[in-house]
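A.B. asks: My file is run-v3.cif. It has mmCIF, C-alpha atoms:
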```cif
data_start
loop_
_atom_site.label_atom_id
_atom_site.label_comp_id
_atom_site.auth_asym_id
_atom_site.auth_seq_id
_atom_site.Cartn_x
_atom_site.Cartn_y
_atom_site.Cartn_z
CA MET A 1 18.09 -44.19 -8.09
CA LEU A 2 18.10 -41.19 -10.43
CA PRO A 3 19.36 -37.88 -9.01
CA TRP A 4 16.54 -35.51 -8.04
CA LYS A 5 17.47 -33.10 -10.84
CA ARG A 6 16.62 -35.73 -13.39
CA VAL A 7 13.27 -36.35 -11.75
CA LEU A 8 12.26 -32.73 -11.20
CA ARG A 9 12.90 -31.53 -14.72
CA PRO A 10 10.58 -34.08 -16.35
CA LEU A 11 7.86 -33.16 -13.85
CA ALA A 12 8.14 -29.50 -14.77
CA ALA A 13 8.14 -30.49 -18.41
CA LEU A 14 5.01 -32.57 -17.80
CA LEU A 15 3.17 -29.54 -16.44
CA LEU A 16 4.31 -27.47 -19.38
CA THR A 17 3.34 -30.21 -21.81
CA ALA A 18 -0.15 -30.31 -20.32
CA ALA A 19 -0.50 -26.66 -21.16
CA VAL A 20 1.17 -26.92 -24.57
CA ALA A 21 -1.36 -29.59 -25.52
CA THR A 22 -3.98 -26.85 -25.49
CA VAL A 23 -2.22 -24.72 -28.12
CA PRO A 24 -3.37 -24.98 -31.75
CA ALA A 25 -0.93 -26.57 -34.14
CA ALA A 26 -1.00 -23.42 -36.24
CA THR A 27 0.63 -21.28 -33.58
CA ALA A 28 4.13 -21.38 -35.01
CA THR A 29 3.03 -19.78 -38.27
CA ALA A 30 -0.10 -17.85 -37.41
CA ALA A 31 1.58 -15.53 -34.93
CA SER A 32 2.90 -13.49 -37.83
CA ALA A 33 -0.42 -13.49 -39.70
CA PRO A 34 -2.35 -10.26 -40.25
CA SER A 35 -4.97 -9.52 -37.61
CA SER A 36 -7.77 -9.32 -40.21
CA GLY A 37 -8.90 -5.83 -39.37
CA TRP A 38 -8.61 -5.74 -35.62
CA ASN A 39 -5.86 -3.81 -33.82
CA ASP A 40 -6.82 -0.84 -35.99
CA TYR A 41 -5.77 2.17 -33.93
CA SER A 42 -7.75 4.49 -36.18
CA CYS A 43 -10.99 2.75 -35.17
CA LYS A 44 -13.38 5.00 -33.26
CA PRO A 45 -16.09 3.37 -31.14
CA SER A 46 -19.66 3.95 -32.31
CA ALA A 47 -22.56 5.29 -30.29
CA SER A 48 -24.02 1.77 -30.13
CA HIS A 49 -20.70 0.22 -29.05
CA PRO A 50 -18.90 3.05 -27.25
CA ARG A 51 -16.15 0.99 -25.65
CA PRO A 52 -13.23 -0.78 -27.36
CA VAL A 53 -12.83 -4.47 -26.61
CA VAL A 54 -9.40 -5.71 -25.51
CA LEU A 55 -8.83 -9.44 -25.98
CA VAL A 56 -6.45 -11.11 -23.52
CA HIS A 57 -5.01 -14.48 -24.62
CA GLY A 58 -4.31 -17.47 -22.42
CA THR A 59 -1.15 -19.26 -21.35
CA LEU A 60 1.05 -20.16 -24.34
CA GLY A 61 -1.26 -18.16 -26.60
CA ASN A 62 -0.62 -14.92 -28.44
CA SER A 63 -2.49 -11.90 -29.72
CA ILE A 64 -3.36 -13.50 -33.06
CA ASP A 65 -3.91 -17.24 -32.68
CA ASN A 66 -6.21 -16.99 -29.70
CA TRP A 67 -8.57 -14.65 -31.55
CA LEU A 68 -8.74 -15.77 -35.18
CA SER A 69 -12.46 -16.42 -34.71
CA LEU A 70 -13.66 -14.19 -31.87
CA ALA A 71 -11.96 -10.98 -33.05
CA PRO A 72 -13.67 -11.00 -36.47
CA TYR A 73 -16.94 -12.08 -34.80
CA LEU A 74 -16.91 -8.96 -32.63
CA LYS A 75 -15.57 -6.68 -35.33
CA ASP A 76 -18.40 -7.75 -37.66
CA ARG A 77 -20.79 -6.66 -34.92
CA GLY A 78 -19.40 -3.15 -34.90
CA TYR A 79 -16.81 -3.22 -32.12
CA CYS A 80 -13.32 -1.73 -32.17
CA VAL A 81 -11.27 -4.79 -31.24
CA PHE A 82 -7.70 -4.98 -29.95
CA SER A 83 -5.41 -7.71 -28.63
CA LEU A 84 -2.03 -7.77 -26.96
CA ASP A 85 0.87 -10.12 -26.27
CA TYR A 86 1.98 -10.37 -22.64
CA GLY A 87 4.12 -12.48 -20.35
CA GLN A 88 6.95 -13.37 -22.72
CA LEU A 89 9.97 -15.15 -21.27
CA PRO A 90 13.45 -14.18 -22.51
CA GLY A 91 14.40 -16.23 -25.54
CA VAL A 92 10.95 -17.80 -25.94
CA PRO A 93 9.22 -16.60 -29.13
CA LEU A 94 5.57 -17.09 -30.13
CA PHE A 95 4.41 -18.54 -26.80
CA TYR A 96 3.32 -15.93 -24.27
CA GLY A 97 1.69 -15.84 -20.86
CA LEU A 98 4.58 -17.60 -19.10
CA GLY A 99 6.01 -14.67 -17.16
CA PRO A 100 5.01 -13.60 -13.62
CA ILE A 101 1.33 -12.74 -13.75
CA ASP A 102 1.60 -9.53 -11.75
CA LYS A 103 4.06 -8.25 -14.37
CA SER A 104 1.70 -9.38 -17.13
CA ALA A 105 -1.07 -7.39 -15.47
CA GLN A 106 1.08 -4.27 -15.69
CA GLN A 107 1.57 -4.93 -19.40
CA LEU A 108 -2.21 -5.13 -19.73
CA ALA A 109 -2.57 -1.85 -17.84
CA ASP A 110 -0.17 -0.13 -20.23
CA TYR A 111 -1.96 -1.59 -23.23
CA VAL A 112 -5.40 -0.50 -22.09
CA ASP A 113 -4.04 3.02 -21.64
CA ARG A 114 -2.76 2.89 -25.21
CA VAL A 115 -6.12 1.73 -26.56
CA LEU A 116 -8.09 4.33 -24.61
CA SER A 117 -5.75 7.07 -25.81
CA ALA A 118 -6.08 5.97 -29.45
CA THR A 119 -9.85 5.54 -29.42
CA GLY A 120 -10.76 8.43 -27.14
CA ALA A 121 -12.97 6.12 -25.06
CA ALA A 122 -13.32 6.57 -21.31
CA LYS A 123 -13.42 2.84 -20.58
CA ALA A 124 -12.71 -0.48 -22.26
CA ASP A 125 -14.24 -3.93 -22.02
CA LEU A 126 -11.95 -6.93 -21.50
CA VAL A 127 -12.50 -10.45 -22.83
CA GLY A 128 -9.98 -13.08 -21.78
CA HIS A 129 -9.44 -16.79 -22.26
CA SER A 130 -8.00 -18.99 -19.49
CA GLN A 131 -5.19 -17.02 -17.75
CA GLY A 132 -6.40 -14.07 -19.82
CA GLY A 133 -9.73 -14.16 -18.00
CA MET A 134 -8.13 -14.29 -14.57
CA MET A 135 -5.04 -12.06 -14.89
CA PRO A 136 -7.08 -8.87 -15.56
CA ARG A 137 -8.56 -9.18 -12.08
CA TYR A 138 -5.14 -8.26 -10.70
CA TYR A 139 -5.13 -5.18 -12.94
CA LEU A 140 -8.61 -4.25 -11.75
CA ARG A 141 -7.82 -4.72 -8.07
CA PHE A 142 -4.24 -3.56 -7.66
CA LEU A 143 -3.29 -1.43 -10.67
CA GLY A 144 -6.17 1.01 -10.98
CA GLY A 145 -7.96 -0.84 -13.75
CA ALA A 146 -11.41 -0.56 -12.19
CA ALA A 147 -11.56 3.10 -13.20
CA LYS A 148 -10.82 2.21 -16.84
CA VAL A 149 -12.79 -1.00 -17.39
CA ASN A 150 -16.53 -1.46 -17.70
CA ALA A 151 -16.72 -5.26 -17.98
CA LEU A 152 -14.53 -8.35 -17.72
CA VAL A 153 -15.68 -11.46 -19.57
CA GLY A 154 -13.75 -14.64 -18.85
CA LEU A 155 -13.85 -17.71 -21.10
CA ALA A 156 -12.77 -20.68 -18.96
CA PRO A 157 -10.77 -18.43 -16.58
CA ASP A 158 -8.78 -20.13 -13.84
CA ASN A 159 -9.95 -17.61 -11.27
CA HIS A 160 -9.11 -19.76 -8.27
CA GLY A 161 -6.28 -21.69 -9.85
CA THR A 162 -6.09 -25.14 -11.32
CA ASP A 163 -5.02 -28.56 -10.13
CA LEU A 164 -4.73 -29.84 -13.74
CA ASN A 165 -7.08 -32.70 -12.92
CA GLY A 166 -5.01 -33.58 -9.86
CA LEU A 167 -1.61 -33.46 -11.53
CA THR A 168 -0.36 -30.64 -9.31
CA ASN A 169 -1.15 -32.75 -6.24
CA LEU A 170 1.96 -34.76 -7.11
CA LEU A 171 4.28 -31.80 -6.58
CA PRO A 172 4.83 -32.36 -2.82
CA TYR A 173 6.23 -35.80 -3.62
CA PHE A 174 9.06 -34.18 -5.57
CA PRO A 175 11.00 -31.83 -3.27
CA GLY A 176 12.09 -28.74 -5.15
CA ALA A 177 9.63 -29.23 -8.00
CA GLU A 178 7.56 -26.13 -7.21
CA ASP A 179 10.71 -24.02 -6.94
CA LEU A 180 11.86 -25.29 -10.31
CA ILE A 181 8.55 -24.40 -11.96
CA LYS A 182 8.57 -20.95 -10.35
CA ALA A 183 12.08 -20.32 -11.63
CA THR A 184 11.52 -21.52 -15.19
CA THR A 185 7.84 -20.75 -15.92
CA PRO A 186 6.53 -18.42 -13.20
CA GLY A 187 3.31 -17.82 -15.11
CA LEU A 188 2.46 -21.51 -14.72
CA ALA A 189 3.43 -21.59 -11.06
CA ASP A 190 1.20 -18.60 -10.33
CA GLN A 191 -1.82 -20.52 -11.66
CA ILE A 192 -1.47 -23.55 -9.41
CA THR A 193 -4.20 -23.67 -6.80
CA GLY A 194 -2.96 -22.15 -3.55
CA SER A 195 -0.08 -20.18 -5.08
CA ASP A 196 1.05 -16.97 -3.38
CA PHE A 197 -0.24 -15.00 -6.37
CA LEU A 198 -3.73 -16.50 -6.20
CA THR A 199 -3.85 -16.16 -2.42
CA LYS A 200 -3.25 -12.43 -2.78
CA LEU A 201 -5.63 -12.07 -5.72
CA ASN A 202 -8.51 -13.86 -4.02
CA ALA A 203 -8.13 -12.47 -0.51
CA GLY A 204 -11.41 -10.80 0.43
CA ASP A 205 -13.95 -10.21 -2.34
CA ASP A 206 -13.63 -11.77 -5.78
CA THR A 207 -14.69 -8.55 -7.49
CA VAL A 208 -14.21 -4.80 -7.29
CA PRO A 209 -17.09 -2.30 -7.41
CA GLY A 210 -18.01 -0.71 -10.71
CA VAL A 211 -16.98 -3.59 -12.99
CA HIS A 212 -19.43 -6.07 -14.52
CA TYR A 213 -18.12 -9.65 -14.44
CA THR A 214 -19.13 -12.60 -16.62
CA VAL A 215 -17.63 -16.10 -16.40
CA ILE A 216 -18.39 -18.58 -19.20
CA ALA A 217 -17.36 -22.13 -18.30
CA THR A 218 -17.68 -25.61 -19.76
CA LYS A 219 -18.06 -28.74 -17.70
CA TYR A 220 -15.71 -30.50 -20.10
CA ASP A 221 -12.77 -28.27 -19.16
CA GLU A 222 -9.66 -30.38 -18.68
CA VAL A 223 -7.23 -27.54 -17.87
CA ALA A 224 -8.90 -25.05 -15.48
CA THR A 225 -10.03 -27.71 -13.02
CA PRO A 226 -12.26 -28.26 -11.21
CA TRP A 227 -14.40 -26.20 -13.58
CA ARG A 228 -16.60 -24.78 -10.80
CA SER A 229 -13.53 -23.04 -9.38
CA GLN A 230 -13.73 -20.69 -12.37
CA TYR A 231 -16.85 -19.04 -10.97
CA LEU A 232 -16.73 -15.74 -9.11
CA SER A 233 -18.82 -14.49 -6.20
CA GLY A 234 -20.20 -10.98 -6.08
CA SER A 235 -23.24 -8.83 -6.60
CA ASP A 236 -22.33 -7.97 -10.20
CA VAL A 237 -21.32 -11.41 -11.44
CA HIS A 238 -22.95 -13.58 -14.09
CA ASN A 239 -21.64 -17.15 -14.00
CA VAL A 240 -22.63 -19.20 -17.05
CA LEU A 241 -22.21 -22.90 -17.85
CA LEU A 242 -22.26 -23.53 -21.60
CA GLN A 243 -24.14 -26.79 -21.20
CA ASP A 244 -26.99 -24.96 -19.46
CA LEU A 245 -27.35 -22.90 -22.63
CA CYS A 246 -26.87 -25.81 -25.03
CA PRO A 247 -26.62 -29.36 -23.66
CA LEU A 248 -25.12 -30.47 -26.97
CA ASP A 249 -22.08 -28.19 -26.63
CA LEU A 250 -19.03 -30.41 -26.09
CA SER A 251 -16.40 -27.66 -26.07
CA GLU A 252 -13.49 -28.09 -23.70
CA HIS A 253 -10.89 -25.59 -22.55
CA VAL A 254 -9.44 -24.76 -25.95
CA ALA A 255 -12.59 -24.79 -28.06
CA ILE A 256 -14.52 -22.42 -25.81
CA GLY A 257 -12.03 -19.67 -26.60
CA LEU A 258 -11.01 -20.52 -30.14
CA PHE A 259 -14.16 -21.26 -32.11
CA ASP A 260 -17.29 -21.88 -30.01
CA ARG A 261 -19.89 -19.48 -31.42
CA ILE A 262 -22.33 -20.37 -28.65
CA ALA A 263 -19.78 -19.01 -26.18
CA PHE A 264 -19.14 -16.06 -28.49
CA HIS A 265 -22.86 -15.22 -28.52
CA GLU A 266 -22.80 -15.10 -24.73
CA VAL A 267 -19.71 -12.86 -24.88
CA ALA A 268 -21.65 -10.48 -27.13
CA ASN A 269 -24.53 -10.53 -24.64
CA ALA A 270 -22.17 -9.64 -21.81
CA LEU A 271 -20.66 -6.76 -23.78
CA ASP A 272 -24.07 -5.34 -24.73
CA PRO A 273 -26.64 -6.56 -22.19
CA GLY A 274 -29.18 -4.01 -23.39
CA ARG A 275 -29.40 -5.84 -26.73
CA ALA A 276 -28.89 -9.37 -25.39
CA THR A 277 -30.77 -12.26 -26.96
CA SER A 278 -31.16 -15.80 -25.68
CA THR A 279 -28.14 -18.03 -26.20
CA THR A 280 -29.15 -21.50 -27.41
CA CYS A 281 -27.71 -24.26 -29.56
CA ALA A 282 -28.92 -22.28 -32.57
CA SER A 283 -26.46 -19.52 -31.62
CA ALA A 284 -23.79 -21.68 -33.25
CA PHE A 285 -25.19 -20.47 -36.57
CA SER A 286 -25.75 -16.83 -35.68
#
```
In structure tokens, what does this structure look like?

C.D. replies:
Amino acid sequence: MLPWKRVLRPLAALLLTAAVATVPAATATAASAPSSGWNDYSCKPSASHPRPVVLVHGTLGNSIDNWLSLAPYLKDRGYCVFSLDYGQLPGVPLFYGLGPIDKSAQQLADYVDRVLSATGAAKADLVGHSQGGMMPRYYLRFLGGAAKVNALVGLAPDNHGTDLNGLTNLLPYFPGAEDLIKATTPGLADQITGSDFLTKLNAGDDTVPGVHYTVIATKYDEVATPWRSQYLSGSDVHNVLLQDLCPLDLSEHVAIGLFDRIAFHEVANALDPGRATSTTCASAFS
């Protein structure tokens, strides 16, 4: 029989591989690419779009790759758009969102302060993909973010954790596996359904007063599973299933954040509900 060490490490690697499979192949080179006009700290919000938009990438993403489509989409519509890197592990370049999520939330808090200072805006709007749609809730609840944020829009956010289509249910059969994952990739461990982090985050109400919440999910999500666990409860929550807007939309966990213009149209609606228009399959061409 193999020693437990040899069994546990492949299991941790399997969990990491499941997440890595969601990262675009271009990541290794695109992280150094120019941000195509966003992250412009001289940008001043307009009267029609008075709040800057801060984009929050997902696990193993970064401030460029995650937003090569959505950032220009919003910028072309007159928004000041910004994005940050967070959750880097020592010695791990390019791939972010792996550090403890409470520490990542503090990095987001610091970044929002920087954006508000540069733009002169009183509040920002946040748009996040996957972990980036869930992690800001910690900032809003525990780090004073509710006073500085108008809206949080989550694209496939793992708000109540993920079981990776049942994969995490195997962990109890490998004693020490959870401890190994916590020690090596705490940002992944924090996202497992039932983790200490998620228990604290979701104790009581899902939302905090004064912030408008939108969750945009796809029933084809293979990472933040089950997909219904992405939804939030609260009086100021709009939960949206892409396939209710366009039954032909086949986007899964990656596509909804990277290039789905139907999802992007619904993001724009959430950021500016006063000018919202119906999201349909035709929104893919808008």

A.B. asks: Near Ser42 of chain A, within 12 Å and counting all atoms listed in the file, which residues show up once chain neighbours fewer than 5 positions away are dropped, as JSON, numbers by chain?

C.D. replies: {"A": [37, 52, 80, 81, 82, 115, 116, 117, 118, 119, 120]}

A.B. asks: Between A:Ser104, A:Ser48, A:Ser83, A:Ser278, which is the closest to Asp65 of chain A once you count all atoms listed in the file?

C.D. replies: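 Ranked by minimum distance to Asp65 of chain A, first place goes to A:Ser83.
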
A.B. asks: For the point (-16.4, -2.5, -27.7) in the file's frame, write as a count of residues only all residues with an atom no more than 10 Å away, counting all atoms listed in the file.

C.D. replies: 26

A.B. asks: Go through A:Leu155, A:Val211, A:Leu89, A:Val223 and flag the residue nearest Phe259 of chain A, using only C-alpha atoms for the distances.

C.D. replies: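 That would be A:Leu155, the residue with the smallest distance to Phe259 of chain A.
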
A.B. asks: Apply the PyMOL selection byres ((chain A and resi 261-265) around 7) to the file shown and report the selected residues as a CSV table (one decimal) with C-alpha atoms, keeping the file's coordinate frame.

C.D. replies:
```
chain,number,residue,atom,x,y,z
A,70,LEU,CA,-13.7,-14.2,-31.9
A,242,LEU,CA,-22.3,-23.5,-21.6
A,256,ILE,CA,-14.5,-22.4,-25.8
A,259,PHE,CA,-14.2,-21.3,-32.1
A,260,ASP,CA,-17.3,-21.9,-30.0
A,266,GLU,CA,-22.8,-15.1,-24.7
A,267,VAL,CA,-19.7,-12.9,-24.9
A,268,ALA,CA,-21.6,-10.5,-27.1
A,269,ASN,CA,-24.5,-10.5,-24.6
A,279,THR,CA,-28.1,-18.0,-26.2
A,281,CYS,CA,-27.7,-24.3,-29.6
A,283,SER,CA,-26.5,-19.5,-31.6
A,284,ALA,CA,-23.8,-21.7,-33.2
```

A.B. asks: Give me, please, the distance in Å between atom CA of Val237 of chain A and atom CA of Met134 of chain A, quoted to one decimal.

C.D. replies: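 Value for the atom CA of Val237 of chain A-atom CA of Met134 of chain A distance: 13.9 Å.
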
A.B. asks: State, in Å with one decimal place, the distance from atom CA of Leu198 of chain A to atom CA of Arg228 of chain A.

C.D. replies: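 Taking atom CA of Leu198 of chain A and atom CA of Arg228 of chain A, their separation equals 16.0 Å.
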
A.B. asks: So the first atom is atom CA of Pro226 of chain A and the second is atom CA of Asp249 of chain A; what is the distance between them in Å, to one decimal place?

C.D. replies: 18.3 Å

A.B. asks: Which of these, A:Gly97, A:Gly204, A:Gly210, A:Pro273, has the shortest distance to Ala147 of chain A once you count only C-alpha atoms?

C.D. replies: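 The closest residue to Ala147 of chain A is A:Gly210.
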
A.B. asks: Let me have the centre and edge lengths of the axis-aligned box enclosing all listed atoms of segment 48-65 of chain A with 3 Å padding on every side, in Å to one decimal, as lines of an AutoDock Vina configuration file.

C.D. replies:
```
center_x = -11.5
center_y = -8.6
center_z = -27.2
size_x = 31.1
size_y = 29.2
size_z = 17.7
```
